[in-house]
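S.K.: Structure file query.cif (mmCIF, C-alpha atoms and all ligand atoms) right here:
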data_input
loop_
_atom_site.label_atom_id
_atom_site.label_comp_id
_atom_site.auth_asym_id
_atom_site.auth_seq_id
_atom_site.Cartn_x
_atom_site.Cartn_y
_atom_site.Cartn_z
CA MET D 16 -18.11 7.01 -21.65
CA ILE D 17 -18.53 5.61 -18.09
CA ASN D 18 -22.06 4.84 -19.11
CA SER D 19 -20.93 2.53 -21.90
CA ILE D 20 -18.40 0.82 -19.64
CA ALA D 21 -21.12 0.25 -17.07
CA ASP D 22 -23.21 -1.48 -19.74
CA ASN D 23 -20.74 -4.33 -19.69
CA PHE D 24 -21.20 -5.12 -16.01
CA ILE D 25 -24.05 -6.79 -14.20
CA ILE D 26 -25.42 -3.67 -12.55
CA TYR D 27 -29.16 -3.14 -12.10
CA GLY D 28 -30.77 0.24 -12.53
CA ASP D 29 -30.15 3.32 -14.61
CA TYR D 30 -26.97 5.32 -14.78
CA VAL D 31 -27.33 8.63 -12.94
CA ARG D 32 -23.92 10.30 -12.62
CA SER D 33 -20.20 9.77 -12.22
CA LYS D 34 -17.40 11.77 -10.63
CA PRO D 35 -13.68 11.36 -9.91
CA PHE D 36 -13.16 10.00 -6.42
CA GLY D 37 -10.50 9.85 -3.72
CA SER D 38 -6.98 11.17 -3.76
CA GLY D 39 -5.37 8.11 -5.33
CA HIS D 40 -2.82 8.89 -7.99
CA ILE D 41 -2.08 5.46 -9.38
CA ASN D 42 -5.40 4.39 -10.83
CA ASP D 43 -8.32 6.27 -12.29
CA THR D 44 -11.02 5.99 -9.60
CA ARG D 45 -14.63 7.16 -10.10
CA LEU D 46 -17.76 7.10 -7.99
CA VAL D 47 -20.64 6.06 -10.21
CA THR D 48 -24.28 6.25 -9.15
CA PHE D 49 -27.24 4.24 -10.47
CA ASN D 50 -30.94 4.46 -9.82
CA GLU D 51 -32.34 1.11 -8.76
CA ASP D 52 -36.11 1.39 -8.49
CA GLY D 53 -35.93 4.89 -7.06
CA ARG D 54 -32.99 4.18 -4.77
CA GLU D 55 -29.50 5.52 -5.47
CA VAL D 56 -26.78 2.87 -5.43
CA ASN D 57 -23.06 3.65 -5.70
CA TYR D 58 -20.17 1.79 -7.25
CA ILE D 59 -16.47 2.46 -7.58
CA PHE D 60 -15.12 2.18 -11.12
CA ARG D 61 -11.35 1.78 -11.36
CA LYS D 62 -9.16 1.81 -14.42
CA ILE D 63 -5.98 -0.08 -13.65
CA ASN D 64 -2.78 1.82 -14.41
CA LYS D 65 -1.01 -0.29 -17.01
CA ASN D 66 2.29 1.56 -16.66
CA VAL D 67 2.51 0.21 -13.14
CA PHE D 68 0.65 -3.09 -13.57
CA LYS D 69 1.85 -4.70 -16.79
CA ASN D 70 -0.58 -7.57 -16.41
CA PRO D 71 -3.92 -6.18 -15.20
CA GLU D 72 -5.63 -9.56 -15.42
CA ILE D 73 -3.42 -10.82 -12.61
CA VAL D 74 -4.45 -7.83 -10.51
CA VAL D 75 -8.09 -8.78 -10.97
CA SER D 76 -7.65 -12.53 -10.46
CA ASN D 77 -5.64 -11.93 -7.25
CA THR D 78 -8.30 -9.52 -5.97
CA LEU D 79 -11.03 -12.04 -6.68
CA LEU D 80 -9.25 -14.90 -4.90
CA VAL D 81 -8.39 -12.80 -1.89
CA THR D 82 -11.79 -11.17 -1.44
CA GLU D 83 -13.65 -14.46 -1.87
CA HIS D 84 -11.41 -16.07 0.70
CA ILE D 85 -12.06 -13.29 3.18
CA ARG D 86 -15.81 -13.24 2.45
CA THR D 87 -16.06 -16.99 3.08
CA LYS D 88 -14.22 -16.53 6.37
CA LEU D 89 -16.51 -13.72 7.46
CA GLU D 90 -19.54 -15.87 6.61
CA GLN D 91 -18.17 -18.76 8.64
CA GLN D 92 -17.59 -16.41 11.54
CA ASN D 93 -21.22 -15.27 11.25
CA GLU D 94 -20.15 -11.67 10.89
CA ASN D 95 -22.80 -9.10 10.17
CA ASP D 96 -22.33 -6.23 7.72
CA ILE D 97 -20.15 -8.35 5.43
CA LEU D 98 -20.75 -6.02 2.46
CA ARG D 99 -18.86 -3.30 4.30
CA LYS D 100 -16.11 -5.56 5.62
CA VAL D 101 -14.65 -6.82 2.38
CA VAL D 102 -14.32 -5.37 -1.09
CA ALA D 103 -16.69 -6.98 -3.64
CA LEU D 104 -15.90 -7.11 -7.36
CA ILE D 105 -18.90 -6.84 -9.68
CA GLN D 106 -19.02 -9.41 -12.45
CA ALA D 107 -19.03 -8.39 -16.10
CA LYS D 108 -21.67 -9.76 -18.44
CA ASP D 109 -19.15 -12.07 -20.08
CA GLY D 110 -18.44 -13.75 -16.73
CA LYS D 111 -15.10 -12.04 -16.15
CA TYR D 112 -14.48 -9.46 -13.44
CA PHE D 113 -13.04 -6.77 -15.69
CA TYR D 114 -13.83 -5.08 -18.96
CA VAL D 115 -11.36 -3.85 -21.57
CA ASP D 116 -12.45 -0.62 -23.27
CA GLU D 117 -11.67 0.44 -26.85
CA ASN D 118 -8.43 2.12 -25.72
CA ASP D 119 -7.24 -1.06 -24.05
CA GLY D 120 -8.08 0.35 -20.62
CA TYR D 121 -8.81 -2.30 -17.97
CA TRP D 122 -11.81 -1.46 -15.81
CA SER D 123 -13.09 -3.19 -12.74
CA VAL D 124 -16.10 -2.28 -10.65
CA LEU D 125 -16.43 -2.53 -6.88
CA ARG D 126 -19.39 -2.26 -4.65
CA PHE D 127 -19.20 1.05 -2.80
CA ILE D 128 -18.57 0.71 0.91
CA GLU D 129 -21.24 2.99 2.34
CA ASP D 130 -21.01 5.23 5.40
CA SER D 131 -17.26 5.09 5.53
CA TYR D 132 -14.33 7.39 4.87
CA THR D 133 -10.59 7.40 4.43
CA VAL D 134 -7.97 9.76 5.82
CA ASP D 135 -4.90 10.74 3.84
CA PHE D 136 -2.74 11.71 6.75
CA VAL D 137 -2.54 10.25 10.25
CA GLU D 138 -3.50 12.85 12.84
CA THR D 139 -4.32 10.69 15.84
CA THR D 140 -3.08 7.51 17.49
CA GLU D 141 -6.62 6.12 17.20
CA GLN D 142 -6.52 6.38 13.39
CA ALA D 143 -3.12 4.70 13.32
CA TYR D 144 -4.36 1.95 15.63
CA GLN D 145 -7.49 1.29 13.57
CA ALA D 146 -5.67 1.18 10.26
CA ALA D 147 -2.96 -1.13 11.59
CA LYS D 148 -5.58 -3.41 13.12
CA ALA D 149 -7.40 -3.57 9.77
CA PHE D 150 -4.19 -4.50 7.92
CA GLY D 151 -3.40 -7.03 10.63
CA GLU D 152 -6.82 -8.61 10.32
CA PHE D 153 -6.45 -8.70 6.55
CA THR D 154 -3.21 -10.67 6.84
CA LYS D 155 -4.72 -12.92 9.48
CA GLN D 156 -7.67 -13.75 7.25
CA LEU D 157 -5.28 -14.63 4.44
CA SER D 158 -2.92 -16.72 6.55
CA ASP D 159 -4.48 -19.95 5.25
CA ILE D 160 -5.20 -18.99 1.63
CA ASP D 161 -3.76 -21.20 -1.10
CA VAL D 162 -0.64 -19.24 -2.03
CA SER D 163 -0.19 -20.91 -5.40
CA GLY D 164 -3.11 -19.10 -7.02
CA ILE D 165 -1.80 -15.64 -6.17
CA LYS D 166 0.72 -14.20 -8.61
CA GLU D 167 3.10 -11.25 -8.50
CA THR D 168 1.46 -8.12 -9.94
CA ILE D 169 4.74 -6.19 -9.87
CA PRO D 170 7.79 -8.44 -10.10
CA ASN D 171 10.67 -7.59 -7.74
CA TYR D 172 8.47 -5.13 -5.88
CA HIS D 173 10.46 -5.05 -2.67
CA ASN D 174 13.65 -6.53 -4.00
CA LEU D 175 16.19 -4.24 -2.39
CA LYS D 176 19.08 -5.91 -4.14
CA SER D 177 17.65 -5.10 -7.55
CA ARG D 178 16.69 -1.57 -6.43
CA LEU D 179 20.33 -1.02 -5.42
CA LYS D 180 21.55 -2.42 -8.70
CA THR D 181 19.34 0.08 -10.56
CA PHE D 182 20.74 2.80 -8.32
CA ASP D 183 24.35 1.78 -8.96
CA ASP D 184 23.75 1.68 -12.71
CA ALA D 185 22.13 5.11 -12.60
CA VAL D 186 25.12 6.58 -10.73
CA GLN D 187 27.49 4.95 -13.20
CA ILE D 188 25.72 6.33 -16.27
CA ASP D 189 24.81 9.70 -14.74
CA ALA D 190 22.42 10.42 -17.60
CA ALA D 191 21.00 13.65 -16.11
CA LYS D 192 24.43 14.90 -14.92
CA ARG D 193 23.19 15.18 -11.35
CA VAL D 194 25.52 12.80 -9.54
CA ASN D 195 27.89 15.56 -8.43
CA ARG D 196 25.01 17.26 -6.63
CA VAL D 197 24.18 14.25 -4.44
CA THR D 198 27.48 13.11 -2.94
CA LYS D 199 26.08 13.29 0.58
CA GLU D 200 23.03 11.21 -0.29
CA ILE D 201 25.13 8.63 -2.14
CA ASN D 202 27.19 8.28 1.04
CA ALA D 203 23.99 7.69 2.98
CA VAL D 204 23.05 4.91 0.55
CA ASP D 205 26.45 3.30 0.97
CA LYS D 206 26.46 3.59 4.75
CA ASN D 207 23.30 1.48 4.92
CA ARG D 208 24.05 -1.23 2.37
CA ASN D 209 24.28 -3.79 5.18
CA LEU D 210 20.47 -3.55 5.40
CA GLN D 211 20.23 -5.23 2.01
CA GLU D 212 22.59 -8.03 2.93
CA GLU D 213 20.78 -8.78 6.17
CA ILE D 214 17.29 -8.79 4.69
CA ALA D 215 18.44 -11.07 1.88
CA ILE D 216 19.66 -13.61 4.45
CA LEU D 217 16.33 -13.51 6.30
CA LEU D 218 14.25 -13.93 3.16
CA ASN D 219 16.40 -16.31 1.13
CA ASN D 220 16.89 -18.79 3.95
CA GLY D 221 13.22 -18.98 4.79
CA ILE D 222 13.77 -17.43 8.23
CA ILE D 223 10.95 -15.04 7.36
CA PRO D 224 7.99 -16.88 5.77
CA ILE D 225 6.37 -15.73 2.55
CA ARG D 226 2.75 -14.73 3.08
CA ILE D 227 0.06 -13.04 1.06
CA VAL D 228 0.35 -9.43 2.12
CA HIS D 229 -1.06 -6.08 1.04
CA ASN D 230 2.10 -4.22 0.02
CA ASP D 231 0.56 -0.75 0.03
CA THR D 232 -0.32 -0.14 3.65
CA LYS D 233 -1.00 3.59 3.52
CA ILE D 234 -3.71 4.86 5.84
CA ASN D 235 -5.96 5.86 2.94
CA ASN D 236 -6.24 2.25 1.91
CA VAL D 237 -8.38 1.49 4.95
CA MET D 238 -12.08 2.39 5.02
CA LEU D 239 -13.11 3.68 8.45
CA ASP D 240 -16.66 3.59 9.76
CA ASP D 241 -18.42 6.99 9.71
CA LYS D 242 -20.03 6.39 13.08
CA THR D 243 -17.34 4.63 15.09
CA GLY D 244 -14.10 5.49 13.27
CA LYS D 245 -13.22 1.79 13.41
CA GLY D 246 -11.50 0.03 10.52
CA LEU D 247 -13.99 -1.68 8.22
CA ALA D 248 -12.21 -3.00 5.16
CA VAL D 249 -8.86 -2.84 3.44
CA ILE D 250 -9.06 -1.57 -0.15
CA ASP D 251 -6.69 -0.97 -3.08
CA LEU D 252 -5.76 -4.62 -3.49
CA ASP D 253 -3.67 -4.25 -6.66
CA THR D 254 -0.39 -5.07 -4.95
CA VAL D 255 -1.68 -7.96 -2.85
CA MET D 256 0.78 -10.76 -3.58
CA PRO D 257 3.32 -13.03 -1.95
CA GLY D 258 5.63 -11.01 0.29
CA THR D 259 6.38 -10.43 3.94
CA VAL D 260 4.72 -8.72 6.89
CA LEU D 261 8.01 -6.98 7.57
CA PHE D 262 7.35 -4.75 4.59
CA ASP D 263 3.64 -4.21 5.27
CA PHE D 264 4.51 -3.17 8.79
CA GLY D 265 7.49 -1.16 7.56
CA ASP D 266 5.44 0.77 5.07
CA MET D 267 2.89 1.67 7.74
CA ILE D 268 5.71 3.13 9.82
CA ARG D 269 7.14 4.89 6.79
CA SER D 270 3.89 6.38 5.58
CA SER D 271 2.21 7.18 8.90
CA THR D 272 4.69 8.14 11.61
CA SER D 273 6.26 11.29 10.20
CA PRO D 274 4.42 14.55 10.92
CA VAL D 275 5.69 15.84 7.58
CA GLU D 276 4.53 14.53 4.20
CA GLU D 277 7.11 12.52 2.29
CA ASP D 278 7.79 15.22 -0.27
CA LYS D 279 8.27 18.18 2.05
CA ALA D 280 11.64 19.83 2.58
CA ASP D 281 11.16 20.43 6.33
CA TYR D 282 13.82 17.85 7.16
CA GLU D 283 14.20 19.17 10.70
CA GLU D 284 10.58 18.32 11.36
CA VAL D 285 10.78 14.80 9.96
CA LYS D 286 10.60 12.42 12.93
CA MET D 287 9.41 8.93 13.63
CA ARG D 288 6.63 9.78 16.09
CA ILE D 289 6.91 7.12 18.77
CA ASN D 290 3.29 7.44 19.95
CA ILE D 291 2.02 6.73 16.42
CA PHE D 292 4.49 3.87 16.20
CA GLU D 293 3.14 2.39 19.40
CA ALA D 294 -0.46 2.65 18.16
CA ILE D 295 0.49 0.83 14.95
CA VAL D 296 2.27 -1.94 16.84
CA GLN D 297 -0.67 -2.31 19.20
CA GLY D 298 -3.23 -2.44 16.39
CA TYR D 299 -1.24 -4.74 14.14
CA LEU D 300 -0.27 -7.21 16.87
CA SER D 301 -3.76 -7.23 18.38
CA GLU D 302 -4.67 -9.27 15.31
CA LEU D 303 -1.40 -10.99 14.47
CA LYS D 304 0.53 -11.79 17.61
CA ASP D 305 -0.58 -15.43 17.52
CA VAL D 306 -0.19 -15.74 13.77
CA LEU D 307 3.30 -14.36 13.19
CA THR D 308 6.43 -16.35 13.89
CA LYS D 309 8.95 -15.28 16.49
CA SER D 310 11.39 -14.20 13.79
CA GLU D 311 8.76 -12.08 12.08
CA ILE D 312 7.94 -10.26 15.30
CA GLU D 313 11.62 -9.81 16.13
CA ASN D 314 12.27 -8.23 12.76
CA LEU D 315 9.34 -5.80 12.46
CA VAL D 316 11.40 -2.77 13.41
CA TYR D 317 14.05 -3.92 11.02
CA GLY D 318 11.38 -4.09 8.29
CA ALA D 319 10.64 -0.41 8.89
CA GLU D 320 14.29 0.48 8.47
CA VAL D 321 14.53 -1.49 5.23
CA ILE D 322 11.40 0.02 3.71
CA VAL D 323 12.36 3.60 4.49
CA TYR D 324 15.83 2.99 3.12
CA GLU D 325 14.41 1.37 -0.01
CA GLN D 326 12.14 4.35 -0.62
CA ALA D 327 15.01 6.79 -0.14
CA VAL D 328 17.06 4.82 -2.66
CA ARG D 329 14.18 4.79 -5.15
CA PHE D 330 13.63 8.56 -4.95
CA LEU D 331 17.34 9.25 -5.24
CA THR D 332 17.63 6.87 -8.19
CA ASP D 333 14.82 8.67 -9.96
CA TYR D 334 16.48 12.01 -9.33
CA ILE D 335 19.74 10.73 -10.80
CA LEU D 336 17.92 9.24 -13.81
CA GLY D 337 16.27 12.60 -14.52
CA ASP D 338 12.79 11.97 -13.02
CA VAL D 339 11.49 9.13 -15.14
CA TYR D 340 9.15 7.39 -12.68
CA TYR D 341 7.77 9.70 -10.00
CA GLY D 342 5.84 12.75 -11.14
CA ILE D 343 7.53 16.02 -10.15
CA ALA D 344 6.20 19.52 -9.54
CA TYR D 345 9.62 21.24 -9.53
CA GLU D 346 13.18 20.41 -10.46
CA ASP D 347 14.51 18.99 -7.19
CA HIS D 348 11.30 17.31 -6.10
CA ASN D 349 12.75 13.81 -6.12
CA LEU D 350 15.87 14.93 -4.28
CA VAL D 351 13.69 16.53 -1.60
CA ARG D 352 11.77 13.26 -1.29
CA ALA D 353 14.99 11.29 -0.94
CA LYS D 354 16.36 13.64 1.74
CA ASN D 355 13.06 13.48 3.58
CA GLN D 356 13.22 9.68 3.66
CA PHE D 357 16.85 9.72 4.79
CA ALA D 358 15.84 12.03 7.64
CA LEU D 359 13.12 9.55 8.62
CA LEU D 360 15.62 6.71 8.45
CA ASP D 361 17.97 8.61 10.79
CA SER D 362 15.11 9.13 13.21
CA ILE D 363 14.20 5.44 13.17
CA GLN D 364 17.80 4.40 13.69
CA GLU D 365 18.08 6.77 16.66
CA GLN D 366 14.99 5.30 18.30
CA LYS D 367 15.51 1.65 17.48
CA GLU D 368 15.99 0.47 21.03
CA GLU D 369 12.84 2.19 22.21
CA MET D 370 10.91 0.76 19.25
CA GLU D 371 12.06 -2.78 20.03
CA LYS D 372 10.91 -2.34 23.63
CA ILE D 373 7.47 -1.28 22.46
CA VAL D 374 7.10 -4.32 20.21
CA LYS D 375 7.89 -6.56 23.20
CA LYS D 376 5.12 -4.88 25.17
CA TYR D 377 2.44 -6.14 22.80
CA ILE D 378 3.35 -9.79 22.36
N1 LIG D 401 -15.02 0.02 -2.52
C1 LIG D 401 -14.91 1.29 -2.14
N2 LIG D 401 -15.88 1.88 -1.41
C2 LIG D 401 -15.78 3.17 -0.99
N3 LIG D 401 -14.75 3.96 -1.31
C3 LIG D 401 -13.74 3.45 -2.03
C4 LIG D 401 -13.76 2.10 -2.48
N4 LIG D 401 -12.64 1.88 -3.21
C5 LIG D 401 -11.96 3.04 -3.21
N5 LIG D 401 -12.60 3.99 -2.50
C6 LIG D 401 -12.16 5.40 -2.28
O1 LIG D 401 -11.36 5.83 -3.38
C7 LIG D 401 -10.03 6.18 -2.95
C8 LIG D 401 -9.02 5.73 -3.99
O2 LIG D 401 -9.15 4.33 -4.16
P1 LIG D 401 -7.90 3.36 -4.34
O3 LIG D 401 -7.00 3.45 -3.16
O4 LIG D 401 -8.43 2.03 -4.66
O5 LIG D 401 -7.22 4.01 -5.62
P2 LIG D 401 -5.70 4.17 -6.05
O6 LIG D 401 -5.68 5.09 -7.20
O7 LIG D 401 -5.11 2.84 -6.24
O8 LIG D 401 -5.06 4.87 -4.81
P3 LIG D 401 -3.53 5.20 -4.46
O9 LIG D 401 -2.90 5.78 -5.64
O10 LIG D 401 -3.69 6.17 -3.32
O11 LIG D 401 -2.92 3.92 -4.01
C9 LIG D 401 -9.87 5.52 -1.59
O12 LIG D 401 -8.98 6.20 -0.75
C10 LIG D 401 -11.30 5.54 -1.05
O13 LIG D 401 -11.56 6.78 -0.44
MG MG D 402 -5.14 3.86 -2.53
#
Before we go any further, please render this structure as structure tokens.
Ligand SMILES: Nc1ncnc2c1ncn2[C@@H]1O[C@H](COP(=O)(O)OP(=O)(O)OP(=O)(O)O)[C@@H](O)[C@H]1O
Ligand SMILES: [Mg+2]

M.R.:
Amino acid sequence: MINSIADNFIIYGDYVRSKPFGSGHINDTRLVTFNEDGREVNYIFRKINKNVFKNPEIVVSNTLLVTEHIRTKLEQQNENDILRKVVALIQAKDGKYFYVDENDGYWSVLRFIEDSYTVDFVETTEQAYQAAKAFGEFTKQLSDIDVSGIKETIPNYHNLKSRLKTFDDAVQIDAAKRVNRVTKEINAVDKNRNLQEEIAILLNNGIIPIRIVHNDTKINNVMLDDKTGKGLAVIDLDTVMPGTVLFDFGDMIRSSTSPVEEDKADYEEVKMRINIFEAIVQGYLSELKDVLTKSEIENLVYGAEVIVYEQAVRFLTDYILGDVYYGIAYEDHNLVRAKNQFALLDSIQEQKEEMEKIVKKYI
């Protein structure tokens, strides 16, 4: 199967083997090995998830524009090791950068970034620093890309207003008859609705500029160098599209600062770890402090609040709808996720002043 997909791409050598790769749960990712004149060469084959990305061709065309832009920059800067510093799409034999299989599956192939690894969970401040620096550099490299060519791969991705509308409708309809179990959480949603109003003002009035950002800034989307542990390249570019750094930064804080995974019920343990926060700020601003506007920098912490709130609302909405979007392993899984995110939001709100102080330290 993989063999016949590979036939459609410009790959030299003979197919050797293929295995599932990474811990990603959105796309189908495989490590595929070829023999090129006695030497083993690896590629990543990815089947784009069409439930999430309704228009996979946009995903590929965005990735191509973004990676070519970054590659050109790296060349101009006379960087060495460029093959490990930016993702490279392999061309298909028909000139495109994807192949559609007989089941309408969209495949793209990437050059494998050798001698590198990803971590799924932040253990050290150094990892947090390196990942944030890599995302910062990514945004810096893209700060002068022609925005008009890049399209939205998921419309309304971080549109909190529409997320809240979906939530309100779900509560109204109460299809799964669960609303009476979540009175406390619904109150928490209501208590924070001002976050939506404030972010809308910042975005709609152009106070926060639209940039090409990553939109999925989890630590395992950064390849780290085997030898040095330094950030090499940012991967998983499916959600790269116009957006704001507030949300890229916010999602780093959301996904990396809690010592407890987002679906664990140890709410007491859920905390925004301030040392990890500081490492993220330091890494991110080491690349971006001269690129971002004053209002962007001033609203980074606010971005974290918004993103954590948004995620809590999305989990709670899915619970109320009867678990239609997020996969669940047990009945209350989505409720646990929502409570976990509300606990993280509380922790962020308690430490806001301290967080703002830290941001000021690095500008
Ligand atoms: N070009 C590459 N070179 C080396 N390893 C890669 C490359 N692309 C992906 N990987 C590995 O495969 C894993 C999954 O890849 P990726 O993040 O693109 O998939 P995904 O399904 O979209 O992930 P997720 O669901 O976590 O967002 C990565 O964490 C990384 O370890
Ligand atoms: Mg990923």

S.K.: Distance atom CA of Gly164 of chain D-atom CA of Asp96 of chain D, one decimal place?

M.R.: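 Between atom CA of Gly164 of chain D and atom CA of Asp96 of chain D the gap works out to 27.4 Å.
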
S.K.: Report, as AutoDock Vina command-line options, the centre and edge lengths in Å (one decimal) of the axis-aligned box enclosing every listed atom of ligand LIG 401 (chain D), padded by 5 Å on each side.

M.R.:
--center_x -9.4 --center_y 3.4 --center_z -3.8 --size_x 23.0 --size_y 16.8 --size_z 16.8

S.K.: Ile234 of chain D: which residues within 7 Å, counting all atoms listed in the file, same-chain residues fewer than 6 positions away excluded, as a compact mmCIF listing (two decimals) with C-alpha atoms, keeping the file's coordinate frame?

M.R.:
# COMPACT_ATOMS: atom_id res chain seq x y z
CA VAL D 134 -7.97 9.76 5.82
CA ASP D 135 -4.90 10.74 3.84
CA PHE D 136 -2.74 11.71 6.75
CA ALA D 146 -5.67 1.18 10.26

S.K.: Within 9 Å of segment 112-121 of chain D, counting all atoms listed in the file, which residues qualify if same-chain residues fewer than 5 places away don't, as a tab-separated table (two decimals) with C-alpha atoms, keeping the file's coordinate frame?

M.R.:
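Printed below is selection-v9.tsv as written:
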chain	number	residue	atom	x	y	z
D	20	ILE	CA	-18.40	0.82	-19.64
D	23	ASN	CA	-20.74	-4.33	-19.69
D	24	PHE	CA	-21.20	-5.12	-16.01
D	61	ARG	CA	-11.35	1.78	-11.36
D	62	LYS	CA	-9.16	1.81	-14.42
D	63	ILE	CA	-5.98	-0.08	-13.65
D	64	ASN	CA	-2.78	1.82	-14.41
D	65	LYS	CA	-1.01	-0.29	-17.01
D	71	PRO	CA	-3.92	-6.18	-15.20
D	72	GLU	CA	-5.63	-9.56	-15.42
D	75	VAL	CA	-8.09	-8.78	-10.97
D	76	SER	CA	-7.65	-12.53	-10.46
D	79	LEU	CA	-11.03	-12.04	-6.68
D	104	LEU	CA	-15.90	-7.11	-7.36
D	105	ILE	CA	-18.90	-6.84	-9.68
D	106	GLN	CA	-19.02	-9.41	-12.45
D	107	ALA	CA	-19.03	-8.39	-16.10

S.K.: Write out as an MDAnalysis selection string which residues come within 8 Å of Val351 of chain D when counting all atoms listed in the file, dropping same-chain ones fewer than 4 positions away.

M.R.: chainID D and resid 278:280 347 355

S.K.: Which neighbours of Gln366 of chain D fall inside 10 Å, counting only C-alpha atoms, when residues of the same chain fewer than 6 positions from it are skipped, and could you give them as a VMD selection string?

M.R.: chain D and resid 286 to 289 360

S.K.: Suppose we keep C-alpha atoms; can you now write the selection as a PDB file, in the frame of the given file?

M.R.:
ATOM      1  CA  LYS D 286      10.600  12.420  12.930  1.00  0.00           C
ATOM      2  CA  MET D 287       9.410   8.930  13.630  1.00  0.00           C
ATOM      3  CA  ARG D 288       6.630   9.780  16.090  1.00  0.00           C
ATOM      4  CA  ILE D 289       6.910   7.120  18.770  1.00  0.00           C
ATOM      5  CA  LEU D 360      15.620   6.710   8.450  1.00  0.00           C
TER       6      LEU D 360
END

S.K.: Collect all residues with atoms no farther than 10 Å from ligand MG 402 (chain D), counting only C-alpha atoms and all ligand atoms, and output them as a ChimeraX atom specification.

M.R.: /D:37-42,44,133,135,231-237,249-253

S.K.: Rounded to one decimal place, report the atom CA of Tyr172 of chain D-atom O1 of ligand LIG 401 (chain D) distance in Å.

M.R.: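 Between atom CA of Tyr172 of chain D and atom O1 of ligand LIG 401 (chain D) the gap is 22.8 Å.
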
S.K.: Quick one: of D:Arg86, D:Lys367, D:Lys108, D:Arg54, who's nearest to Ile25 of chain D, counting all atoms listed in the file?

M.R.: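 Checking each of D:Arg86, D:Lys367, D:Lys108, D:Arg54 against Ile25 of chain D, counting all atoms listed in the file, the winner is D:Lys108.
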
S.K.: Rank nothing, just name the residue among D:Gln356, D:Gln297, D:Asn18, D:Gln211 nearest to Arg178 of chain D, using all atoms listed in the file.

M.R.: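 Ranked by minimum distance to Arg178 of chain D, first place goes to D:Gln211.
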
S.K.: Work out how far atom CA of Thr154 of chain D is from atom CA of Arg226 of chain D, in Å to one decimal.

M.R.: 8.1 Å

S.K.: Set the distance at 10 Å and use only C-alpha atoms: which residues neighbour Val186 of chain D once local chain neighbours fewer than 2 positions away are removed? I'd like the list as a PyMOL selection string.

M.R.: chain D and resi 180-184+188-195+197+201+331-332+335-336

S.K.: Name the closest residue to Ile214 of chain D among the candidates D:Asn314, D:Asn290, D:Asn171, D:Gln364; distances are taken between atoms, counting all atoms listed in the file.

M.R.: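 Closest to Ile214 of chain D of all the choices is D:Asn314.
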
S.K.: Nearest residue to ligand LIG 401 (chain D) out of D:Val328, D:Leu179, D:Ile17, D:Val74, using all atoms listed in the file?

M.R.: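 Answer, going by the shortest atom-to-atom distance: D:Val74.
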
S.K.: I need the residue nearest Lys245 of chain D from this list: D:Asp161, D:Asp263, D:Asp130, D:Glu167. Use only C-alpha atoms for the distance.

M.R.: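 Looking at the shortest contact to Lys245 of chain D, the residue is D:Asp130.
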
S.K.: Choose the residue, out of D:Arg196, D:Arg269, D:Lys148, D:Lys309, that has the smallest atom-to-atom separation from Tyr324 of chain D; count all atoms listed in the file.

M.R.: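 Among the listed residues, the smallest separation from Tyr324 of chain D belongs to D:Arg269.
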